[in-house]
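Heads up, the thing below is written out as structure tokens.
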Amino acid sequence: MKDLHELTTHCIRCGFCLESCPTFVSTGSELESPRGRIYLVRSALEGQISWQDDVRPHLDLCLGCRACETACPSAVEYGSILEMARDKMEQDKPQFAKLALLSATTKPNMLRAQLALGSLLPGSRVPAPISFLLSGKKAEADKPSPQKANTLPPLNLMEVMPLKGSVYLLEGCAMRVLYPRVHEATRRLLRRIGYDVKEAAQGCCGALHAHNGCLNDARDMGIELVKALPDNLPVVINSAGCGSTIKEYSHLLEDVSGGKQFAERSFDASEFLLANGLLDELRDAAGIAVTATYHDACHLAHGQKITDQPRELIGAIPSLTFAPLVESDMCCGSAGIYNVIQPEMARTLVERKYSNIEATGASVVATGNPGCHAWIAQAAREKGHGVQVLHTMELLEAAFIGLEHFPS
Amino acid sequence: MHSTDADLAKALQGILSPESVLSGAAAERAYDCDAYTVDRNNPTAVVLPKSTEEVARVVKWCFANNVPFTARGAGTGLSGGVLPAMGGVVISTKRLCAILEIDIENRCLLAQSGIANKRISDAVKSHGLYFAPDPSSQTVSTIGGNIGENSGGPHTLKYGVTVQHILGVTMVDPTGEIVRFGGKVEGTPGYDFLGLIVGSEGTLGIVTEAWVKLNPIPAAVSTALIAYRKVSDATKTVAEIIAQGTIPAALEMMDSGILRAVKLAFGFEYPEGTQAMLLIECDGEPGRVQSEMEAVKQVCERNHAIEIRIAQDETERARLWTVRKKGIGAMGRIAPSIVTHDGVIPRSKLPEMLEFVYAVAAKHQIGVANIFHAGDGNLHPCFYFNDRDPQQVRNVVEAGEEIIRQCIALGGSVSGEHGIGVEKIDLMPLMFSPADLDLQALSKRIFNDGMLCNPCKVLPNQKGCVEYKKRWRGTAW
Amino acid sequence: MVGPGFVLTPATYQEVAETVGTALGSVVLVHEAESHPFGFPHAPTESTTCLSLENLGGIVEFDVSDQVVVVRAGTRLKDLQEELSKHGQCLPFSKLSSDQERRLAIQNGRLTDEIAYNMPHCLLEPCGSWRDWILGMRLVQHDGTLAKCGSKAVKNVAGYDVQKLMIGARHSLAIVIEVTLKTYPIEALPPSSIRFIGTDSVCNWIQRVRRTDFDLAVREAGDTLVAYDKPSSTFWANVDPTSSLPRYPDDWILRSGTGCSNLEFTDETQTRFMKRTKDLFDPSAKLNPGAMGIF
């Protein structure tokens with residue numbers, strides 16, 4: 001296990017992280033910056049200030065987007081510092097409402113049941129009592145509404161590459177309930193390059209728990225997942241947050257048999273598809289005549305350093321015009337369960353994100369993470385300007401079968 | 001002075017709004033220093049005003065109540081310029097980040113002072129313009145901070161430092177009055193207050209808005225990275241290039257210490273036995289750039305360069321620059337702590353100075369790597385050490401002082417771009433006589449006749465600072 | 001001995017200091033042609049100490065490889081240029097014929113005056129001005145104190161840039177006796193874009209405007225125009241002293257032969273801080289009284 005104090009001392013306080021930090025840019029406050037937070041954690045560890053009174057509010061406001069890690073010249077492991085500090089505070093004084101939310105979101109059956117219940121309640125937002133319990137504030141996020149499953153036309157197996165192997169697809173917890181169509185698109189794209197998906201009963205990867213400072217729970221879930229997906233097959237992941245955590249199993253599960261290897265055989269879907277020949281397939285696709293832009297999910301761009309692969313794939317779609325997005329790698333405010341527990345900051349950030357998206361003139365925005373997907377789609381709905389939000393996998397599959405199969 | 005800290009924060013909340021005031025243990029820690037972490041002191045409160053008028057209101061109140069105040073931008077300074085030396089109020093400009101006017105035709109732009117340097121260039125890039133001063137911190141450091149420190153950067157050799165790119169400022173003076181100097185046209189007759197304000201380290205008032213000059217983005221850029229087996233071959237190249245009348249946009253030097261770090265951190269490869277590398281960039285009209293680079297190449301070859309890499313495209317150019325731009329950061333990856341120094345010497349003295357730096361490091365048993373803005377004799381020796389070993393820390397401080405003394409002995413300066421702040425305040429008498437310092441104090445008094453606005457900075461032995469200095473000097477260890 | 005017609009010519013820094021320090025009345029720096037064409041005619045009284053730096057010339061130190069020269073401020077600009085040119089160096093003023101120099105009122109005077117008057121030249125845009133070339137100075141204060149500011153380093157942020165205050169200050173804050181300057185390789189000197197109109201008229205009006213106003217301003221100047229330099233949006237004209245040319249936002253002018261309005265200070269803040277500066281640097285208003293037109 002890494003030593004938290006040791007990690008904080010690597011920060012030389014140069015401040016190069018500041019402008020990459022969404023909460024610093026929004027508030028201008030050093031307390032809401034990576035440098036400030038690291039120093040606060042270090043100060044609390046050295047007994048100078050109080051964890052709960054002085055440090056917690058500022059760590060709570062952190063999105064965990066890790067853009068600061070990309071900016072840091074000294075390679076400070078901010079993500080680890082954040083998770084370990086949150087873990088410490090959670091152990092000292094658990095936030096029960098947050099834990100309940102985590103638990104509800106990451107168990108597919110519970111999530112389904114709650115969505116069914118929730119749909120009976122009036123209004124589109126997360127119900128007020130729940131929001132107040134979690135954030136003490138008015139809700140900003142809409143209740144999640146799942147995509148319909150099995151809506152795509154059958155894949156003509158005569159037209160695709162012959163089979164060359166099998167992979168696992170990480171089904172995820174919330175992902176399989178809320179975004180079945182994204183999974184469907186991913187399966188089809190994999191099949192187009194010659195891979196079928198080996199089905200396996202699997203649970204949650206523990207990413208949301210790890211990001212929110214419940215490292216033990218995350219570890220337990222990780223151990224289960226490694227067991228559930230054996231045989232050294234590649235694991236393809238289409239949720240950036242999950243991918244980022246799974247690739248860090250090498251630390252989280254360093255003493256667990258197969259943990260490190262699991263991390264090494266896990267790939268983001270865009271990474272896997274690009275490396276295994278989707279570009280060639282795309283060249284022959286029908287294409288779509290739209291202007292599209294791309295929003296970097298934090299846990300892809302900063303957590304996994306994957307920025308080029310999705311762009312390269314999207315850019316290869318025939319007839320598509322790619323419009324670069326200003327501040328594309330700045331967090332949209334969704335950040336896992338953040339938009340439920342920090343509604344105000346999340347709102348500020350999605351407004352900024354959406355106005356940048358609008359400025360590109362694109363009619364489609366693609367992204368690689370379910371949280372961003374839902375949160376930006378809500379902004380698009382609210383503005384009523386009809387910018388279509390799609391997962392990168394959906395946009396890529398649309399290149400073959402047409403955009404009309406992917407209504408918002 | 002107000003009776004308690006809480007009173008002060010409350011009073012400030014009354015002047016601005018509660019959400020614009022930070023106080024308490026966390027705020028005191030977070031704002032106790034900038035990137036120069038050796039000296040630290042807590043402010044009593046921090047304010048984040050949203051307009052020039054709000055800044056003026058706070059300053060007026062501080063002036064009336066005899067409360068010291070210190071302006072702060074991004075806090076990336078390397079000499080402790082925003083250390084709240086007497087406590088009091090830190091006035092952050094980080095909610096003053098707007099661009100107020102872009103005048104493409106007149107090639108200038110009006111921005112609030114809290115905006116990051118790089119965001120100015122980003123805003124006018126599509127018009128083929130940019131803001132030339134490029135300190136290494138430019139993605140975060142604010143234009144207000146650049147004005148305070150008269151910041152440089154690798155491209156100052158050809159394009160000049162911040163003072164050459166500021167057309168006008170709006171400033172809240174130490175009494176709280178809003179004053180404006182300069183405008184869209186340069187060179188207005190009369191005393192050059194703008195020239196005095198730029199580089200005054202926030203001691204003459206708080207700059208809240210600035211008119212900055214925009215330059216056309218050069219039509220062509222050519223970048224070369226040249227390896228040498230002998231440091232003296234590299235320094236000779238520098239002297240010859242300058243002497244023949246070529247003014248490259250950048251002329252930077254890295255020694256083997258930096259190269260080792262960059263290799264370790266980023267896998268950057270260079271020829272076996274390389275002791276020094278030069279990064280040379282020419283820009284301007286395509287034809288001229290090509291002929292300049294050709295001339296540069298000849299000088300390099302004449303001086304026994306063992307490898308000359310010329311970037312073929314933008315990606316390669318960026319890769320060559322990483323050696324320079326990420327060199328110091330890479331040092332951070334291989335050592336627990338680093339201190340980057342800043343001194344200037346006449347560039348003809350580079351070889352002898354470099355020898356001196358190596359000798360000093362060896363004497364004090366600390367590691368050193370060197371990055372130079374070789375074109376203008378500005379050196380940044382970078383010491384790496386373990387900051388939890390008090391003896392090593394003391395050695396680093398002593399070594400730093402010896403190097404600065406040598407800079408002065410060679411006819412240079414104690415600071416080329418990082419400023420005096422509190423870090424080098426005791427070194428000022430090495431460079432200036434009491435009469436010289438009195439003259440500087442006189443010019444400070446034009447704007448600041450008291451001890452409230454960023455006190456205890458730049459000039460040594462100011463009345464009332466001695467006691468405070470004991471409190472924060474060397475608090476890092 | 002003091003009084004009109006009698007000029008003191010100290011030959012060392014110490015002598016300048018003593019002369020200024022012991023002067024009871026005002027101290028005026030005498031220009032070759034009695035007064036600078038763009039200054040105001042002085043009217044020395046019985047108690048005026050008239051000073052010339054004609055015996056305080058010569059290069060103190062010049063290192064070609066550093067491109068830095070230290071020179072006594074009584075040196076003539078022409079002499080300095082000639083000396084520098086032997087080493088392929090110069091101060092980046094463009095090469096003009098003596099007739100062109102006459103028409104732009106270029107004096108080639110002693111450095112102390114050139115700096116004090118800070119006249120626009122025709123390589124402003126590519127090469128800058130005194131403000132960009134002066135690295136350091138020695139000067140004598142009103143009470144005879146000798147002090148220096150800046151350094152010999154081409155890049156320096158140590159302390160307050162007092163030297164900048166002296167540029168264009170017309171000897172009203174201190175007497176500059178030595179300057180350290182950055183030199184420029186002659187070979188790298190860009191061509192000037194200056195255009196002369198006609199063949200004879202001499203300028204008495206210099207105006208700099210915003211880039212966007214330049215074409216109009218030059219057109220409006222009509223046949224008063226002597227020369228113009230588009231890159232710096234500056235033009236030289238010959239204007240009847242009783243009239244003036246149109247003014248534009250943010251612009252400024254310098255003119256000669258109009259007494260105190262030679263320098264127009266209309267900005268209240270600028271004027272107020274100039275007065276405060278003068279009070280601090282020269283509390284008895286001894287140095288070149290009247291030179292700035294406002295005190």
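Quick note on naming: the chains in the structure tokens go A, B, ... in the order shown, residues restart at 1 in each chain, and ligands are numbered from 1 in order of appearance.
The strand (DSSP E) portion of stretch 128-341 of chain A consists of Gly165, Ser166, Val167, Tyr168, Leu169, Tyr195, Asp196, Val197, Val235, Val236, Ile237, Ser266, Phe267, Asp268, Thr291, Ala292, Thr293, Tyr294, His295, Thr321 and Phe322 of chain A, with states taken from DSSP on the backbone.
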Please identify all residues of chain A having at least one atom at most 12 Å from any atom of chain B, considering only C-alpha atoms, and return them as a CSV table (one decimal) with N, CA and C atoms, in the first residue's frame.
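Result file iface01.csv:
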chain,number,residue,atom,x,y,z
A,6,GLU,N,3.7,10.3,2.3
A,6,GLU,CA,4.8,10.3,1.3
A,6,GLU,C,4.3,10.9,0.0
A,7,LEU,N,3.1,10.4,-0.4
A,7,LEU,CA,2.5,10.9,-1.7
A,7,LEU,C,2.3,12.4,-1.7
A,8,THR,N,1.9,13.0,-0.6
A,8,THR,CA,1.6,14.4,-0.6
A,8,THR,C,2.9,15.2,-0.6
A,9,THR,N,4.0,14.7,-0.2
A,9,THR,CA,5.2,15.5,-0.2
A,9,THR,C,5.9,15.6,-1.5
A,10,HIS,N,5.4,14.8,-2.5
A,10,HIS,CA,5.9,14.9,-3.9
A,10,HIS,C,5.4,16.2,-4.5
A,11,CYS,N,4.4,16.9,-4.0
A,11,CYS,CA,3.9,18.1,-4.5
A,11,CYS,C,4.9,19.2,-4.1
A,12,ILE,N,5.5,19.9,-5.1
A,12,ILE,CA,6.4,21.0,-4.8
A,12,ILE,C,5.7,22.4,-4.8
A,13,ARG,N,4.4,22.3,-5.0
A,13,ARG,CA,3.5,23.5,-4.9
A,13,ARG,C,3.8,24.5,-6.1
A,14,CYS,N,4.1,24.0,-7.2
A,14,CYS,CA,4.4,24.9,-8.4
A,14,CYS,C,3.2,25.5,-8.9
A,15,GLY,N,2.0,24.8,-8.7
A,15,GLY,CA,0.7,25.4,-9.1
A,15,GLY,C,0.4,25.2,-10.6
A,16,PHE,N,1.2,24.3,-11.3
A,16,PHE,CA,0.9,24.1,-12.7
A,16,PHE,C,-0.4,23.4,-12.9
A,17,CYS,N,-1.0,22.8,-11.9
A,17,CYS,CA,-2.3,22.1,-12.0
A,17,CYS,C,-3.5,23.0,-12.0
A,18,LEU,N,-3.3,24.3,-11.5
A,18,LEU,CA,-4.5,25.1,-11.2
A,18,LEU,C,-5.5,25.3,-12.3
A,19,GLU,N,-5.0,25.7,-13.5
A,19,GLU,CA,-6.0,26.0,-14.6
A,19,GLU,C,-6.6,24.7,-15.2
A,20,SER,N,-6.1,23.5,-14.8
A,20,SER,CA,-6.7,22.3,-15.3
A,20,SER,C,-7.8,21.9,-14.4
A,21,CYS,N,-7.9,22.5,-13.2
A,21,CYS,CA,-8.9,22.0,-12.2
A,21,CYS,C,-10.2,22.7,-12.4
A,24,PHE,N,-11.3,24.8,-9.3
A,24,PHE,CA,-10.5,26.0,-9.1
A,24,PHE,C,-10.9,27.1,-10.1
A,25,VAL,N,-11.0,26.7,-11.4
A,25,VAL,CA,-11.3,27.6,-12.4
A,25,VAL,C,-12.7,28.2,-12.1
A,26,SER,N,-13.6,27.4,-11.5
A,26,SER,CA,-15.0,28.0,-11.3
A,26,SER,C,-15.0,28.9,-10.0
A,27,THR,N,-14.2,28.5,-9.0
A,27,THR,CA,-14.3,29.3,-7.8
A,27,THR,C,-13.1,30.3,-7.6
A,28,GLY,N,-12.0,30.0,-8.2
A,28,GLY,CA,-10.8,30.9,-8.0
A,28,GLY,C,-10.2,30.7,-6.7
A,29,SER,N,-10.7,29.7,-5.9
A,29,SER,CA,-10.2,29.5,-4.6
A,29,SER,C,-9.1,28.4,-4.5
A,30,GLU,N,-8.0,28.7,-3.9
A,30,GLU,CA,-6.9,27.8,-3.7
A,30,GLU,C,-7.4,26.6,-2.9
A,31,LEU,N,-8.4,26.7,-2.1
A,31,LEU,CA,-8.9,25.6,-1.3
A,31,LEU,C,-9.5,24.6,-2.1
A,32,GLU,N,-10.0,25.0,-3.3
A,32,GLU,CA,-10.7,24.1,-4.2
A,32,GLU,C,-9.8,23.7,-5.4
A,33,SER,N,-8.5,23.7,-5.1
A,33,SER,CA,-7.5,23.4,-6.2
A,33,SER,C,-6.7,22.1,-5.8
A,34,PRO,N,-6.1,21.4,-6.7
A,34,PRO,CA,-5.3,20.3,-6.4
A,34,PRO,C,-4.2,20.6,-5.4
A,35,ARG,N,-3.5,21.7,-5.7
A,35,ARG,CA,-2.4,22.1,-4.8
A,35,ARG,C,-2.9,22.3,-3.4
A,36,GLY,N,-4.0,23.1,-3.3
A,36,GLY,CA,-4.6,23.4,-2.0
A,36,GLY,C,-5.0,22.1,-1.3
A,37,ARG,N,-5.7,21.2,-2.0
A,37,ARG,CA,-6.2,20.0,-1.4
A,37,ARG,C,-5.0,19.1,-0.9
A,38,ILE,N,-4.0,19.0,-1.7
A,38,ILE,CA,-2.9,18.1,-1.3
A,38,ILE,C,-2.2,18.7,0.0
A,39,TYR,N,-2.1,20.0,0.0
A,39,TYR,CA,-1.5,20.7,1.1
A,39,TYR,C,-2.4,20.5,2.4
A,40,LEU,N,-3.7,20.6,2.2
A,40,LEU,CA,-4.6,20.4,3.3
A,40,LEU,C,-4.5,19.0,3.9
A,41,VAL,N,-4.4,18.0,3.0
A,41,VAL,CA,-4.3,16.6,3.4
A,41,VAL,C,-3.0,16.5,4.2
A,42,ARG,N,-1.9,17.0,3.6
A,42,ARG,CA,-0.6,16.9,4.3
A,42,ARG,C,-0.7,17.6,5.7
A,43,SER,N,-1.3,18.8,5.7
A,43,SER,CA,-1.4,19.5,7.0
A,43,SER,C,-2.2,18.7,8.0
A,44,ALA,N,-3.3,18.1,7.6
A,44,ALA,CA,-4.1,17.3,8.5
A,44,ALA,C,-3.3,16.1,9.0
A,47,GLY,N,-1.2,17.0,11.6
A,47,GLY,CA,-1.9,17.4,12.8
A,47,GLY,C,-2.1,18.9,13.0
A,48,GLN,N,-1.9,19.6,11.9
A,48,GLN,CA,-2.1,21.1,11.9
A,48,GLN,C,-3.5,21.5,11.8
A,49,ILE,N,-4.3,20.8,11.1
A,49,ILE,CA,-5.7,21.2,10.9
A,49,ILE,C,-6.6,19.9,11.0
A,50,SER,N,-7.9,20.2,11.1
A,50,SER,CA,-8.8,19.1,11.3
A,50,SER,C,-9.3,18.4,10.0
A,51,TRP,N,-9.4,17.1,10.0
A,51,TRP,CA,-9.8,16.4,8.8
A,51,TRP,C,-11.3,16.8,8.5
A,52,GLN,N,-12.1,16.6,9.5
A,52,GLN,CA,-13.6,16.8,9.2
A,52,GLN,C,-14.0,18.2,8.9
A,53,ASP,N,-13.4,19.2,9.7
A,53,ASP,CA,-13.8,20.6,9.6
A,53,ASP,C,-13.1,21.3,8.5
A,54,ASP,N,-11.8,21.1,8.4
A,54,ASP,CA,-11.0,21.9,7.5
A,54,ASP,C,-10.8,21.2,6.1
A,55,VAL,N,-10.7,19.9,6.1
A,55,VAL,CA,-10.3,19.2,4.9
A,55,VAL,C,-11.5,18.7,4.1
A,56,ARG,N,-12.4,18.1,4.8
A,56,ARG,CA,-13.5,17.4,4.2
A,56,ARG,C,-14.3,18.2,3.2
A,57,PRO,N,-14.7,19.4,3.5
A,57,PRO,CA,-15.6,20.1,2.6
A,57,PRO,C,-14.9,20.3,1.2
A,58,HIS,N,-13.6,20.5,1.3
A,58,HIS,CA,-12.8,20.7,0.0
A,58,HIS,C,-12.6,19.5,-0.8
A,59,LEU,N,-12.4,18.4,-0.1
A,59,LEU,CA,-12.2,17.1,-0.8
A,59,LEU,C,-13.6,16.6,-1.3
A,68,CYS,N,-5.6,17.3,-13.1
A,68,CYS,CA,-4.4,17.8,-12.5
A,68,CYS,C,-3.2,16.9,-12.7
A,71,ALA,N,-1.6,17.6,-15.9
A,71,ALA,CA,-0.9,18.9,-15.9
A,71,ALA,C,0.4,18.8,-15.0
A,72,CYS,N,0.5,17.9,-14.1
A,72,CYS,CA,1.5,17.9,-13.1
A,72,CYS,C,2.9,17.5,-13.7
A,73,PRO,N,3.9,18.4,-13.6
A,73,PRO,CA,5.2,18.1,-14.1
A,73,PRO,C,6.0,17.1,-13.2
A,74,SER,N,5.5,17.0,-12.0
A,74,SER,CA,6.3,16.1,-11.0
A,74,SER,C,5.6,14.8,-10.8
A,75,ALA,N,4.6,14.5,-11.6
A,75,ALA,CA,3.9,13.2,-11.5
A,75,ALA,C,3.4,12.9,-10.2
A,76,VAL,N,2.8,13.9,-9.5
A,76,VAL,CA,2.1,13.6,-8.2
A,76,VAL,C,0.9,12.8,-8.5
A,77,GLU,N,0.7,11.7,-7.6
A,77,GLU,CA,-0.5,10.9,-7.8
A,77,GLU,C,-1.7,11.4,-7.1
A,326,VAL,N,-13.4,23.2,-27.5
A,326,VAL,CA,-12.6,23.9,-26.6
A,326,VAL,C,-12.7,23.3,-25.1
A,327,GLU,N,-11.7,23.3,-24.4
A,327,GLU,CA,-11.7,22.7,-23.0
A,327,GLU,C,-12.3,21.3,-23.1
From stretch 113-209 of chain A, collect each residue whose DSSP state is alpha helix (DSSP H) and return the set as number ranges by chain.
A: 113-118, 128-135, 174-178, 180-192, 207-209
Could you list, as an mmCIF file with C-alpha atoms, in the first residue's frame, every residue within 12 Å of A:Asn109, counting only C-alpha atoms and ignoring same-chain residues fewer than 5 positions away?
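Dumped to out.cif:
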data_model
loop_
_atom_site.group_PDB
_atom_site.id
_atom_site.type_symbol
_atom_site.label_atom_id
_atom_site.label_comp_id
_atom_site.auth_asym_id
_atom_site.auth_seq_id
_atom_site.Cartn_x
_atom_site.Cartn_y
_atom_site.Cartn_z
ATOM 1 C CA SER A 103 -24.756 0.756 -2.887
ATOM 2 C CA ALA A 104 -28.019 1.437 -4.727
ATOM 3 C CA GLN A 114 -35.516 1.976 -7.694
ATOM 4 C CA LEU A 115 -35.859 3.325 -11.212
ATOM 5 C CA ALA A 116 -39.257 1.644 -11.418
ATOM 6 C CA CYS A 173 -23.456 -2.045 -12.747
ATOM 7 C CA ALA A 174 -25.312 1.089 -13.813
ATOM 8 C CA ARG A 176 -26.085 -2.432 -18.165
ATOM 9 C CA VAL A 177 -29.286 -0.994 -16.708
ATOM 10 C CA LEU A 178 -29.083 2.502 -18.150
ATOM 11 C CA GLY A 203 -20.832 -7.659 -10.810
ATOM 12 C CA CYS A 204 -19.607 -4.133 -10.178
#
Taking only C-alpha atoms into account, find every residue of chain C that has an atom no more than 6 Å from chain B, and write it out as a list of chain:residue names.
C:Asp66, C:Ala147, C:Lys148, C:Ala153, C:Lys155, C:Asn156, C:Val157, C:Ala158, C:Gly159, C:Tyr160, C:Asp161, C:Lys164, C:Leu165, C:Ala169, C:Pro185, C:Glu187, C:Ala188, C:Arg210, C:Arg211, C:Asp250, C:Thr277
Neighbouring residues of C:Ser261 were defined as those with any atom within 12 Å, considering only C-alpha atoms; residues of the same chain fewer than 6 positions away were excluded. Please report them as a VMD selection string.
chain C and resid 38 to 40 205 241 to 242 244 253 to 255 290 to 294
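Compared by their closest atoms to A:Ala97, and using only C-alpha atoms, the residues A:Ile130, A:Leu282, A:Val235, A:Leu349 rank with A:Ile130 nearest.
Neighbours of B:Gln392 closer than or equal to 10 Å, with only C-alpha atoms counted and sequence neighbours fewer than 6 positions away skipped, come out as His364, Gln365, Ile366, Tyr384, Phe385, Asn386 and Glu398 of chain B.
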Write out, as a short mmCIF file (atom, residue, chain, number, x, y, z; two decimals), in the first residue's frame, the residues just selected, with C-alpha atoms.
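Listed below is the output, out25.cif:
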data_model
loop_
_atom_site.label_atom_id
_atom_site.label_comp_id
_atom_site.auth_asym_id
_atom_site.auth_seq_id
_atom_site.Cartn_x
_atom_site.Cartn_y
_atom_site.Cartn_z
CA HIS B 364 28.06 21.12 -0.63
CA GLN B 365 27.45 17.54 -1.74
CA ILE B 366 24.17 18.24 -3.49
CA TYR B 384 18.00 18.38 -6.06
CA PHE B 385 18.04 17.13 -2.52
CA ASN B 386 15.98 15.65 0.27
CA GLU B 398 24.19 28.30 1.09
#
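The gap separating atom CA of C:Lys95 from atom CA of C:Leu135 is 23.4 Å, in Å to one decimal.
Rounded to one decimal, atom CA of B:Gln275 and atom CA of C:Val68 lie 28.7 Å from each other.
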Please provide as a PDB file with N, CA and C atoms, in the first residue's frame all residues within 9 Å of A:Pro234, with the sequence filter that same-chain residues fewer than 3 positions apart are discarded (counting only C-alpha atoms).
ATOM      1  N   SER A 166     -12.229 -14.276 -28.854  1.00  0.00           N
ATOM      2  CA  SER A 166     -13.280 -13.880 -27.922  1.00  0.00           C
ATOM      3  C   SER A 166     -12.744 -12.877 -26.918  1.00  0.00           C
ATOM      4  N   VAL A 167     -13.624 -12.053 -26.441  1.00  0.00           N
ATOM      5  CA  VAL A 167     -13.264 -11.105 -25.388  1.00  0.00           C
ATOM      6  C   VAL A 167     -14.397 -11.074 -24.370  1.00  0.00           C
ATOM      7  N   TYR A 168     -14.109 -10.500 -23.192  1.00  0.00           N
ATOM      8  CA  TYR A 168     -15.188 -10.181 -22.280  1.00  0.00           C
ATOM      9  C   TYR A 168     -15.599  -8.729 -22.518  1.00  0.00           C
ATOM     10  N   LEU A 169     -16.859  -8.450 -22.288  1.00  0.00           N
ATOM     11  CA  LEU A 169     -17.302  -7.058 -22.260  1.00  0.00           C
ATOM     12  C   LEU A 169     -17.682  -6.758 -20.825  1.00  0.00           C
ATOM     13  N   PHE A 262      -5.006  -8.881 -14.664  1.00  0.00           N
ATOM     14  CA  PHE A 262      -6.328  -8.428 -15.075  1.00  0.00           C
ATOM     15  C   PHE A 262      -6.242  -6.989 -15.591  1.00  0.00           C
ATOM     16  N   GLU A 264      -3.711  -5.616 -16.854  1.00  0.00           N
ATOM     17  CA  GLU A 264      -2.988  -5.568 -18.122  1.00  0.00           C
ATOM     18  C   GLU A 264      -3.814  -6.052 -19.309  1.00  0.00           C
ATOM     19  N   ARG A 265      -4.820  -6.911 -19.039  1.00  0.00           N
ATOM     20  CA  ARG A 265      -5.615  -7.377 -20.174  1.00  0.00           C
ATOM     21  C   ARG A 265      -6.932  -6.605 -20.318  1.00  0.00           C
ATOM     22  N   SER A 266      -7.008  -5.445 -19.635  1.00  0.00           N
ATOM     23  CA  SER A 266      -8.205  -4.609 -19.760  1.00  0.00           C
ATOM     24  C   SER A 266      -7.946  -3.448 -20.715  1.00  0.00           C
ATOM     25  N   PHE A 267      -8.932  -3.163 -21.555  1.00  0.00           N
ATOM     26  CA  PHE A 267      -8.765  -2.116 -22.563  1.00  0.00           C
ATOM     27  C   PHE A 267     -10.020  -1.275 -22.656  1.00  0.00           C
TER      28      PHE A 267
END
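Proximity to B:Gly400 at 7 Å, evaluated using only C-alpha atoms and with sequence-adjacent residues fewer than 4 positions away removed, yields His341, Val396 and Ile404 of chain B.
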Generate the output file for the selected residues, N, CA and C atoms, as a PDB file, in the first residue's frame.
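Saved the output as out.pdb:
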ATOM      1  N   HIS B 341      17.150  27.992  -8.996  1.00  0.00           N
ATOM      2  CA  HIS B 341      17.667  29.337  -8.786  1.00  0.00           C
ATOM      3  C   HIS B 341      17.578  30.164 -10.042  1.00  0.00           C
ATOM      4  N   VAL B 396      21.778  23.622   0.482  1.00  0.00           N
ATOM      5  CA  VAL B 396      21.166  24.150  -0.741  1.00  0.00           C
ATOM      6  C   VAL B 396      21.048  25.673  -0.659  1.00  0.00           C
ATOM      7  N   ILE B 404      24.672  33.223  -6.426  1.00  0.00           N
ATOM      8  CA  ILE B 404      24.206  34.585  -6.691  1.00  0.00           C
ATOM      9  C   ILE B 404      25.344  35.592  -6.489  1.00  0.00           C
TER      10      ILE B 404
END
